[in-house]
>>> print(open('query.txt').read())   # compact mmCIF, C-alpha atoms
# COMPACT_ATOMS: atom_id res chain seq x y z
CA MET A 786 -7.36 66.00 -20.64
CA SER A 787 -6.82 64.57 -24.11
CA TRP A 788 -4.44 61.77 -25.08
CA SER A 789 -2.03 64.24 -26.66
CA ASP A 790 -1.85 66.32 -23.46
CA ALA A 791 -0.23 63.55 -21.41
CA SER A 792 3.53 63.43 -21.06
CA THR A 793 3.52 59.62 -21.09
CA PRO A 794 0.82 56.97 -21.61
CA ARG A 795 1.42 55.83 -18.04
CA GLU A 796 -0.49 58.89 -16.81
CA TYR A 797 -3.63 57.15 -17.91
CA ALA A 798 -2.81 54.00 -15.96
CA THR A 799 -2.32 55.74 -12.62
CA GLY A 800 -3.53 59.03 -11.20
CA ILE A 801 -6.31 59.94 -13.58
CA PHE A 802 -8.38 56.97 -12.46
CA LYS A 803 -8.27 58.01 -8.80
CA VAL A 804 -11.37 59.49 -7.21
CA HIS A 805 -12.26 60.90 -3.85
CA ASP A 806 -15.78 60.90 -2.40
CA GLU A 807 -17.65 59.93 -5.54
CA SER A 808 -18.30 56.26 -4.80
CA ASN A 809 -22.04 56.92 -4.97
CA VAL A 810 -21.86 57.95 -8.65
CA PHE A 811 -22.11 54.39 -9.93
CA GLN A 812 -24.26 52.94 -7.12
CA LYS A 813 -22.07 49.83 -6.91
CA LYS A 814 -22.55 49.09 -10.60
CA THR A 815 -20.33 46.22 -11.76
CA GLN A 816 -21.41 45.69 -15.39
CA PHE A 817 -20.80 48.07 -18.29
CA ARG A 818 -21.24 48.19 -22.04
CA VAL A 819 -17.88 48.07 -23.82
CA ILE A 820 -17.04 48.59 -27.50
CA ALA A 821 -14.35 46.25 -28.82
CA LEU A 822 -11.30 48.12 -30.14
CA THR A 823 -9.35 45.01 -31.15
CA LYS A 824 -10.25 41.56 -32.37
CA PRO A 825 -10.28 38.80 -29.73
CA ILE A 826 -6.86 37.10 -29.57
CA ARG A 827 -6.42 33.63 -28.11
CA TYR A 828 -3.66 33.51 -25.49
CA SER A 829 -4.12 30.11 -23.84
CA GLY A 830 -5.87 26.80 -24.36
CA PRO A 831 -6.32 24.78 -27.55
CA ALA A 832 -7.47 26.16 -30.86
CA PRO A 833 -11.19 25.42 -31.39
CA SER A 834 -11.58 22.05 -33.11
CA GLY A 835 -15.31 21.46 -33.15
CA ASN A 836 -14.81 18.05 -31.52
CA SER A 837 -15.36 18.78 -27.86
CA SER A 838 -17.07 21.42 -25.77
CA ASP A 839 -15.33 20.75 -22.45
CA VAL A 840 -11.96 22.38 -23.18
CA ALA A 841 -11.91 26.14 -22.70
CA SER A 842 -9.69 28.56 -24.56
CA LYS A 843 -8.98 32.02 -23.19
CA TYR A 844 -9.07 35.15 -25.32
CA TRP A 845 -8.49 38.82 -24.68
CA PHE A 846 -9.31 42.03 -26.48
CA VAL A 847 -9.10 45.73 -25.72
CA GLY A 848 -12.34 47.61 -25.09
CA ARG A 849 -13.59 51.14 -24.42
CA ILE A 850 -16.17 51.51 -21.63
CA LEU A 851 -19.11 53.48 -23.00
CA ASP A 852 -20.43 54.93 -19.73
CA LYS A 853 -19.97 58.71 -19.90
CA LYS A 854 -19.02 58.87 -16.22
CA MET A 855 -16.10 56.49 -16.71
CA SER A 856 -12.52 57.60 -17.33
CA HIS A 857 -12.31 56.20 -20.87
CA ILE A 858 -14.84 58.74 -22.13
CA ASN A 859 -13.56 61.58 -19.97
CA PHE A 860 -9.82 61.17 -20.39
CA LEU A 861 -9.00 59.07 -23.44
CA ASP A 862 -9.55 60.17 -27.02
CA ASN A 863 -11.58 57.84 -29.20
CA PRO A 864 -9.12 55.70 -31.24
CA CYS A 865 -11.88 55.14 -33.82
CA ASP A 866 -12.01 58.87 -34.56
CA SER A 867 -10.94 59.40 -38.16
CA SER A 868 -8.39 62.08 -37.22
CA ILE A 869 -6.63 59.58 -34.94
CA ALA A 870 -7.21 56.33 -36.82
CA ALA A 871 -5.34 57.73 -39.82
CA ASP A 872 -2.15 57.47 -37.76
CA THR A 873 -1.85 53.72 -37.22
CA ALA A 874 0.85 53.85 -34.56
CA LYS A 875 -1.01 56.50 -32.56
CA ALA A 876 -4.32 54.64 -32.85
CA ASN A 877 -2.71 51.40 -31.70
CA SER A 878 -0.99 53.01 -28.74
CA LEU A 879 -4.20 54.81 -27.75
CA ALA A 880 -6.25 51.62 -28.06
CA TYR A 881 -3.90 49.82 -25.68
CA LEU A 882 -4.41 52.46 -22.99
CA HIS A 883 -7.94 51.08 -22.65
CA THR A 884 -9.09 48.08 -20.62
CA LYS A 885 -8.20 44.50 -21.48
CA VAL A 886 -11.27 42.24 -21.47
CA VAL A 887 -10.71 38.52 -20.89
CA LEU A 888 -13.11 35.77 -21.94
CA SER A 889 -13.19 31.99 -21.89
CA THR A 890 -14.99 29.95 -24.54
CA ALA A 891 -15.90 26.27 -24.72
CA ASN A 892 -14.23 25.19 -27.96
CA GLU A 893 -15.59 27.96 -30.15
CA GLU A 894 -14.38 31.24 -31.62
CA PRO A 895 -15.75 34.47 -30.10
CA ASP A 896 -18.66 35.67 -32.25
CA PHE A 897 -17.87 39.38 -32.28
CA THR A 898 -15.20 41.70 -33.63
CA VAL A 899 -13.96 45.30 -33.62
CA GLY A 900 -16.80 47.80 -33.25
CA ASP A 901 -19.26 45.38 -31.64
CA VAL A 902 -20.63 46.13 -28.18
CA ILE A 903 -20.35 43.61 -25.37
CA VAL A 904 -21.18 43.63 -21.66
CA ALA A 905 -18.36 43.03 -19.20
CA SER A 906 -17.98 43.00 -15.43
CA ILE A 907 -15.41 44.96 -13.48
CA GLU A 908 -13.79 44.48 -10.08
CA PRO A 909 -13.36 47.14 -7.38
CA GLY A 910 -10.09 49.02 -7.32
CA GLY A 911 -8.06 50.04 -4.32
CA ARG A 912 -6.55 53.11 -2.70
CA LYS A 913 -9.56 55.36 -3.44
CA VAL A 914 -10.01 53.90 -6.93
CA ILE A 915 -13.59 52.77 -7.47
CA TYR A 916 -12.78 50.32 -10.24
CA GLY A 917 -9.70 48.41 -11.34
CA LEU A 918 -9.63 49.46 -14.98
CA GLN A 919 -6.85 47.21 -16.20
CA PHE A 920 -9.03 44.11 -16.65
CA MET A 921 -12.70 43.25 -17.16
CA LYS A 922 -14.47 39.91 -17.63
CA PHE A 923 -16.58 39.31 -20.74
CA LEU A 924 -20.22 38.43 -20.03
CA LYS A 925 -22.19 38.63 -23.30
CA VAL A 926 -22.54 40.26 -26.72
CA GLU A 927 -24.94 43.22 -26.60
CA ASP A 928 -24.98 44.70 -30.11
CA LYS A 929 -23.41 43.64 -33.41
CA ASP A 930 -25.41 46.01 -35.61
CA ASN A 931 -23.84 49.23 -34.28
CA ASP A 932 -27.23 50.91 -33.95
CA MET A 933 -27.12 51.71 -30.22
CA PRO A 934 -27.14 55.47 -29.42
CA GLU A 935 -23.86 55.17 -27.52
CA VAL A 936 -21.96 53.89 -30.56
CA LEU A 937 -23.34 55.95 -33.43
CA GLU A 938 -20.25 58.18 -33.20
CA TYR A 939 -17.91 55.19 -33.54
CA ASP A 940 -16.62 54.04 -36.89
CA CYS A 941 -13.93 51.50 -36.09
CA THR A 942 -13.48 50.22 -39.64
CA SER A 943 -9.83 51.23 -39.78
CA LEU A 944 -9.08 49.38 -36.52
CA ALA A 945 -10.95 46.31 -37.74
CA ASP A 946 -8.74 46.19 -40.84
CA GLN A 947 -5.53 45.91 -38.81
CA SER A 948 -3.76 42.63 -38.05
CA TRP A 949 -3.88 42.78 -34.26
CA ALA A 950 -1.99 39.54 -33.87
CA GLU A 951 1.00 41.36 -35.34
CA SER A 952 0.45 44.85 -34.02
CA GLU A 953 -0.60 44.10 -30.45
CA SER A 954 2.86 44.84 -29.08
CA VAL A 955 2.87 48.38 -30.47
CA GLY A 956 1.84 49.54 -27.02
CA ALA A 957 4.09 47.11 -25.22
CA VAL A 958 7.12 49.37 -24.73
CA ASP A 959 5.76 52.86 -24.21
CA SER A 960 8.85 54.73 -23.07
CA VAL A 961 11.63 52.15 -23.34
CA PRO A 962 13.39 52.70 -26.67
CA ALA A 963 16.04 50.24 -27.74
CA GLY A 964 19.39 51.14 -26.23
CA THR A 965 18.13 52.38 -22.87
CA ILE A 966 17.56 50.84 -19.48
CA PRO A 967 14.66 52.22 -17.41
CA PRO A 968 15.73 53.86 -14.16
CA ALA A 969 15.77 51.36 -11.31
CA THR A 970 13.18 51.94 -8.62
CA THR A 971 12.52 49.75 -5.63
CA PRO A 972 8.79 49.32 -5.00
CA ILE A 973 7.79 46.04 -3.37
CA GLY A 974 4.94 44.19 -5.04
CA ASP A 975 1.83 44.03 -2.84
CA SER A 976 -0.36 41.64 -4.82
CA THR A 977 1.60 38.38 -4.71
CA THR A 978 -0.98 35.78 -3.65
CA ALA A 979 -1.14 32.13 -2.69
CA SER A 980 -1.88 31.40 -6.36
CA LEU A 981 1.75 32.32 -7.12
CA HIS A 982 3.30 29.72 -4.86
CA ASN A 983 2.71 26.05 -4.23
CA VAL A 984 5.05 24.87 -1.49
CA SER A 985 4.37 21.66 0.41
CA ASP A 986 5.56 21.05 3.95
CA ALA A 987 7.94 18.41 2.63
CA ASN A 988 9.68 21.05 0.49
CA LYS A 989 9.63 24.04 2.83
CA ASP A 990 13.43 23.96 3.05
CA LYS A 991 13.91 23.45 -0.71
CA VAL A 992 11.97 26.33 -2.25
CA HIS A 993 12.72 27.28 -5.85
CA VAL A 994 12.17 31.03 -6.30
CA ILE A 995 11.35 32.39 -9.76
CA TYR A 996 11.76 36.12 -10.46
CA TRP A 997 9.77 37.39 -13.46
CA TYR A 998 9.91 40.92 -14.87
CA ALA A 999 6.75 42.07 -16.67
CA GLY A 1000 6.27 44.56 -19.50
CA VAL A 1001 4.28 47.79 -19.70
CA ASN A 1002 0.83 48.97 -20.80
CA HIS A 1003 -1.43 45.90 -20.90
CA GLY A 1004 1.42 43.54 -20.04
CA THR A 1005 2.26 44.77 -16.56
CA LYS A 1006 2.67 42.84 -13.31
CA SER A 1007 -1.03 42.21 -12.73
CA PHE A 1008 -1.51 40.81 -16.25
CA VAL A 1009 1.38 38.37 -15.82
CA GLU A 1010 0.01 37.31 -12.45
CA GLU A 1011 -3.35 36.59 -14.10
CA GLN A 1012 -1.62 34.49 -16.76
CA ILE A 1013 0.06 32.46 -14.02
CA LYS A 1014 -3.13 31.95 -12.02
CA ALA A 1015 -5.10 30.90 -15.11
CA SER A 1016 -2.64 28.76 -17.05
CA VAL A 1017 0.55 27.89 -15.15
CA THR A 1018 0.81 24.84 -12.88
CA LEU A 1019 3.49 25.20 -10.23
CA LYS A 1020 5.42 22.32 -8.71
CA ASP A 1021 5.12 21.88 -4.94
CA ASN A 1022 8.36 23.72 -4.19
CA GLN A 1023 7.92 26.82 -6.38
CA LEU A 1024 7.34 30.49 -5.61
CA ILE A 1025 7.00 33.11 -8.38
CA VAL A 1026 7.59 36.79 -7.68
CA VAL A 1027 6.43 39.09 -10.49
CA GLY A 1028 7.79 42.61 -10.77
CA GLU A 1029 7.29 45.61 -13.01
CA HIS A 1030 9.96 46.48 -15.56
CA THR A 1031 11.11 49.31 -13.29
CA TYR A 1032 11.78 47.10 -10.25
CA ALA A 1033 15.36 46.87 -9.02
CA PRO A 1034 16.85 43.45 -8.22
CA ALA A 1035 16.85 44.33 -4.52
CA ALA A 1036 13.07 44.87 -4.62
CA MET A 1037 12.45 41.47 -6.19
CA ILE A 1038 14.72 39.68 -3.73
CA GLU A 1039 13.18 41.51 -0.78
CA ALA A 1040 9.66 40.58 -1.96
CA ALA A 1041 10.65 36.91 -2.17
CA ASP A 1042 12.44 36.97 1.18
CA LYS A 1043 9.35 38.48 2.82
CA ILE A 1044 7.16 35.61 1.60
CA LEU A 1045 9.76 33.03 2.58
CA LYS A 1046 10.07 34.46 6.07
CA GLU A 1047 6.32 34.75 6.60
CA ASN A 1048 5.87 31.06 5.75
CA GLY A 1049 8.98 29.66 7.42
CA TRP A 1050 10.45 28.52 4.09
CA THR A 1051 14.06 28.39 2.93
CA LYS A 1052 15.24 29.17 -0.59
CA GLU A 1053 17.34 26.49 -2.26
CA SER A 1054 17.55 27.66 -5.89
CA GLU A 1055 16.42 30.39 -8.27
CA SER A 1056 15.31 30.98 -11.86
CA ILE A 1057 14.59 34.27 -13.60
CA GLY A 1058 12.80 35.68 -16.64
CA GLY A 1059 12.00 38.94 -18.37
CA TRP A 1060 9.34 39.71 -20.98
CA SER A 1061 9.12 42.64 -23.41
CA ALA A 1062 10.21 45.81 -21.55
CA GLY A 1063 11.07 43.50 -18.67
CA GLY A 1064 14.06 42.41 -20.74
CA ALA A 1065 15.87 45.56 -19.66
CA ALA A 1066 15.12 44.80 -16.00
CA LEU A 1067 16.31 41.24 -16.55
CA ALA A 1068 19.60 42.62 -17.89
CA ARG A 1069 19.94 44.84 -14.84
CA HIS A 1070 19.41 41.84 -12.56
CA LEU A 1071 21.91 39.67 -14.46
CA LYS A 1072 24.56 42.35 -14.20
CA GLU A 1073 24.35 42.08 -10.40
CA TYR A 1074 23.77 38.33 -10.23
CA PRO A 1075 25.37 36.32 -13.04
CA VAL A 1076 23.52 33.86 -15.25
CA SER A 1077 25.30 30.94 -13.58
CA ASN A 1078 23.41 31.69 -10.34
CA PHE A 1079 20.14 30.54 -11.88
CA THR A 1080 18.65 27.18 -12.82
CA LYS A 1081 16.86 28.72 -15.81
CA VAL A 1082 17.09 32.12 -17.49
CA GLU A 1083 14.06 32.92 -19.68
CA VAL A 1084 14.35 35.75 -22.22
CA VAL A 1085 10.93 36.48 -23.71
CA ASP A 1086 10.47 38.58 -26.88
CA PRO A 1087 12.44 41.35 -25.19
CA VAL A 1088 13.73 44.84 -25.67
CA THR A 1089 17.25 43.96 -26.62
CA SER A 1090 20.01 46.49 -26.20
CA ALA A 1091 20.86 45.98 -22.52
CA LEU A 1092 20.73 42.20 -22.92
CA MET A 1093 23.41 42.28 -25.63
CA GLY A 1094 26.00 42.88 -22.91
CA ILE A 1095 25.06 39.84 -20.81
CA ASP A 1096 27.15 36.65 -20.75
CA PHE A 1097 24.53 33.93 -21.21
CA GLY A 1098 24.96 30.19 -20.73
CA PRO A 1099 23.40 26.80 -21.51
CA ASN A 1100 20.63 27.51 -18.98
CA THR A 1101 19.22 30.34 -21.15
CA VAL A 1102 16.07 30.01 -23.28
CA MET A 1103 14.73 32.69 -25.62
CA TYR A 1104 11.66 32.79 -27.86
CA TYR A 1105 10.77 35.80 -29.96
CA ARG A 1106 8.97 37.02 -33.07
CA VAL A 1107 10.48 39.88 -35.05
CA ASN A 1108 7.11 40.95 -36.48
CA ASN A 1109 5.83 41.68 -32.98
CA TRP A 1110 8.08 44.76 -33.21
CA SER A 1111 6.88 45.90 -36.61
CA THR A 1112 6.72 49.69 -36.25
CA PRO A 1113 9.67 51.92 -37.24
CA ALA A 1114 10.15 52.98 -33.61
CA TYR A 1115 11.36 49.46 -32.88
CA ASP A 1116 13.78 49.02 -35.78
CA GLY A 1117 16.63 48.63 -33.29
CA ILE A 1118 14.86 45.78 -31.53
CA ARG A 1119 14.01 44.10 -34.84
CA THR A 1120 17.66 44.19 -35.86
CA GLN A 1121 19.02 43.00 -32.52
CA LEU A 1122 16.59 40.14 -31.81
CA PRO A 1123 18.32 37.71 -34.23
CA GLN A 1124 21.71 38.91 -32.98
CA LEU A 1125 20.72 38.27 -29.37
CA ALA A 1126 19.38 34.83 -30.33
CA ALA A 1127 22.68 33.97 -32.02
CA LYS A 1128 24.60 35.11 -28.93
CA ILE A 1129 22.51 32.84 -26.70
CA ARG A 1130 22.94 29.85 -29.03
CA THR A 1131 26.69 30.44 -29.15
CA ALA A 1132 26.71 30.24 -25.36
CA GLY A 1133 24.99 26.85 -25.52
CA GLY A 1134 21.49 28.09 -24.80
CA THR A 1135 18.26 27.78 -26.80
CA ALA A 1136 16.92 30.64 -28.92
CA GLU A 1137 14.20 30.34 -31.53
CA GLU A 1138 11.96 32.65 -33.52
CA ILE A 1139 8.28 31.64 -33.54
CA THR A 1140 7.06 33.09 -36.83
CA ASP A 1141 3.45 31.87 -36.64
CA GLN A 1142 1.10 34.75 -35.78
CA THR A 1143 -0.84 32.80 -33.16
CA GLN A 1144 1.95 30.83 -31.50
CA GLY A 1145 4.30 33.82 -31.74
CA ASN A 1146 1.79 36.27 -30.29
CA HIS A 1147 3.59 38.57 -27.83
CA ASP A 1148 1.45 37.51 -24.85
CA THR A 1149 1.44 33.85 -25.86
CA LEU A 1150 5.24 33.79 -25.85
CA ASN A 1151 5.24 35.06 -22.27
CA LEU A 1152 2.85 32.30 -21.24
CA LYS A 1153 4.92 29.72 -23.13
CA GLN A 1154 8.06 30.62 -21.20
CA LEU A 1155 6.25 30.90 -17.88
CA GLN A 1156 5.15 27.32 -18.44
CA ASP A 1157 8.71 26.40 -19.41
CA VAL A 1158 10.31 27.90 -16.31
CA VAL A 1159 8.13 25.84 -13.95
CA ALA A 1160 8.49 22.59 -15.93
>>> encode(input="query.txt", output="structure tokens")
Amino acid sequence: MSWSDASTPREYATGIFKVHDESNVFQKKTQFRVIALTKPIRYSGPAPSGNSSDVASKYWFVGRILDKKMSHINFLDNPCDSSIAADTAKANSLAYLHTKVVLSTANEEPDFTVGDVIVASIEPGGRKVIYGLQFMKFLKVEDKDNDMPEVLEYDCTSLADQSWAESESVGAVDSVPAGTIPPATTPIGDSTTASLHNVSDANKDKVHVIYWYAGVNHGTKSFVEEQIKASVTLKDNQLIVVGEHTYAPAAMIEAADKILKENGWTKESESIGGWSAGGAALARHLKEYPVSNFTKVEVVDPVTSALMGIDFGPNTVMYYRVNNWSTPAYDGIRTQLPQLAAKIRTAGGTAEEITDQTQGNHDTLNLKQLQDVVA
């Protein structure tokens, strides 16, 4: 299967990575060579200052696993191929179907870039999936001279020339054009962990539940959960339930109620947020449960059209960056973001554009508002 054969990019994130009785193919291998398809982008922690080595900053980049038995080689076209790289939008979207690699550095910039080969570790998958291909953990740089046999066919110059801080969200809304709301489905999240709640016995009857709708491609539920675990400190009465952008309000509420019941807790109040494609799911939720029901409403660099019909209030906060939606396919979002911000401000809420490339990075904005909602 080639990239162009798929009906939607989501095909690559689901069934094609499933296997049957082939677990012996890799002999429990957990480390692989990966070629970097994007530059490392800092998403949490301080900017390197050169003054201290005890403060870590976290970065991520997108990489292609070079093992010929892995799904990247077998199912995804090479975004560095000249016939693909010539189409910037297609190359970006294809790149973001690959694995996100996360690394932590002690007050220094990563010393590699697009086209370099690194080694990363991978975790087991589930439900007959040998590996979880959404995330890997950076271990070391393997080759910066591009002379390894596995990478001789790769010329990623065109990808290296792109401004990934601006274009990273090209793949963030694969099939959610401005003006549409994804169909509501009702799956219940099965990966909410203790890291997403912090309720003391003293507050078991005063739990504050936070519903958070994630985006698509690299920014799905599991990515948001990792952001929370790594960089969000919950108060001792808070529970966060993260859902995909397709989740219906009933699914989110049921997921929260299940955790509350299992622990003998009682909900006292609620907040809610939606990021990127999750903005449409947030709108769907707020049409059933008005803004006034929530302590805080966080609108994060979102798809816009459905949100234009919501009656916001002083409890609403929105941060965005127009240039995160820089391709022509998102002209509607680019136009409506300032309009949505003005609507929120008129209602007494806070709405601000973060124009700086680093601080306004699409993922960084999500982390910023996750930290705001628990404050």
>>> atom_distance(input="query.txt", atom1="CA of Lys925 in chain A", atom2="CA of Phe1008 in chain A")
22.0 Å
>>> axis_aligned_box(input="query.txt", around="range 1014-1019 of chain A", padding_each_side="5 Å", output="JSON")
{"center_x": -0.8, "center_y": 28.4, "center_z": -13.6, "size_x": 18.6, "size_y": 17.1, "size_z": 16.8}
>>> closest_residue(input="query.txt", among="A:Glu927, A:Glu1011, A:Asp1141, A:Asp862", to="His883 in chain A", atoms="only C-alpha atoms")
A:Asp862
>>> residues_around(input="query.txt", residues="Ile1057 in chain A", least_positions_apart="3", cutoff="10 Å", atoms="all atoms listed in the file", output="list in words")
Val994, Ile995, Tyr996, Trp997, Tyr998, Ile1025, Val1026, Val1027, Leu1067, His1070, Leu1071, Val1076, Asn1078, Phe1079, Thr1080, Lys1081, Val1082, Glu1083, Val1084, Thr1101, Leu1155 and Val1158 of chain A
>>> residues_around(input="query.txt", residues="Asp986 in chain A", least_positions_apart="3", cutoff="12 Å", atoms="only C-alpha atoms", output="PDB file with C-alpha atoms, in the coordinates of the input")
ATOM      1  CA  ASN A 983       2.710  26.050  -4.230  1.00  0.00           C
ATOM      2  CA  LYS A 989       9.630  24.040   2.830  1.00  0.00           C
ATOM      3  CA  ASP A 990      13.430  23.960   3.050  1.00  0.00           C
ATOM      4  CA  LYS A 991      13.910  23.450  -0.710  1.00  0.00           C
ATOM      5  CA  VAL A 992      11.970  26.330  -2.250  1.00  0.00           C
ATOM      6  CA  ASP A1021       5.120  21.880  -4.940  1.00  0.00           C
ATOM      7  CA  ASN A1022       8.360  23.720  -4.190  1.00  0.00           C
ATOM      8  CA  ASN A1048       5.870  31.060   5.750  1.00  0.00           C
ATOM      9  CA  GLY A1049       8.980  29.660   7.420  1.00  0.00           C
ATOM     10  CA  TRP A1050      10.450  28.520   4.090  1.00  0.00           C
ATOM     11  CA  THR A1051      14.060  28.390   2.930  1.00  0.00           C
TER      12      THR A1051
END
>>> atom_distance(input="query.txt", atom1="CA of Cys941 in chain A", atom2="CA of Ala876 in chain A")
10.6 Å
>>> atom_distance(input="query.txt", atom1="CA of Tyr1104 in chain A", atom2="CA of Ala1066 in chain A")
17.2 Å
>>> closest_residue(input="query.txt", among="A:Lys854, A:Lys922, A:Lys1043, A:Lys1072", to="Glu908 in chain A", atoms="all atoms listed in the file")
A:Lys922
>>> residues_near_point(input="query.txt", point="(25.0, 29.3, -29.4)", cutoff="12 Å", atoms="only C-alpha atoms", output="number ranges by chain")
A: 1096-1103, 1123-1137
>>> closest_residue(input="query.txt", among="A:Gly1063, A:Pro825, A:Pro909, A:Pro864", to="Val887 in chain A", atoms="all atoms listed in the file")
A:Pro825
>>> residues_around(input="query.txt", residues="Val1107 in chain A", least_positions_apart="2", cutoff="7 Å", atoms="all atoms listed in the file", output="number ranges by chain")
A: 1105, 1109-1110, 1119, 1122
>>> closest_residue(input="query.txt", among="A:Cys865, A:Tyr916, A:Asp896, A:Asp872", to="Lys813 in chain A", atoms="only C-alpha atoms")
A:Tyr916
>>> residues_near_point(input="query.txt", point="(-13.0, 46.5, -30.5)", cutoff="7 Å", atoms="all atoms listed in the file", output="ChimeraX atom specification")
/A:820-824,847-848,898-901
>>> closest_residue(input="query.txt", among="A:Leu1045, A:Thr873, A:Ile858, A:Gln1156", to="Val984 in chain A", atoms="all atoms listed in the file")
A:Leu1045
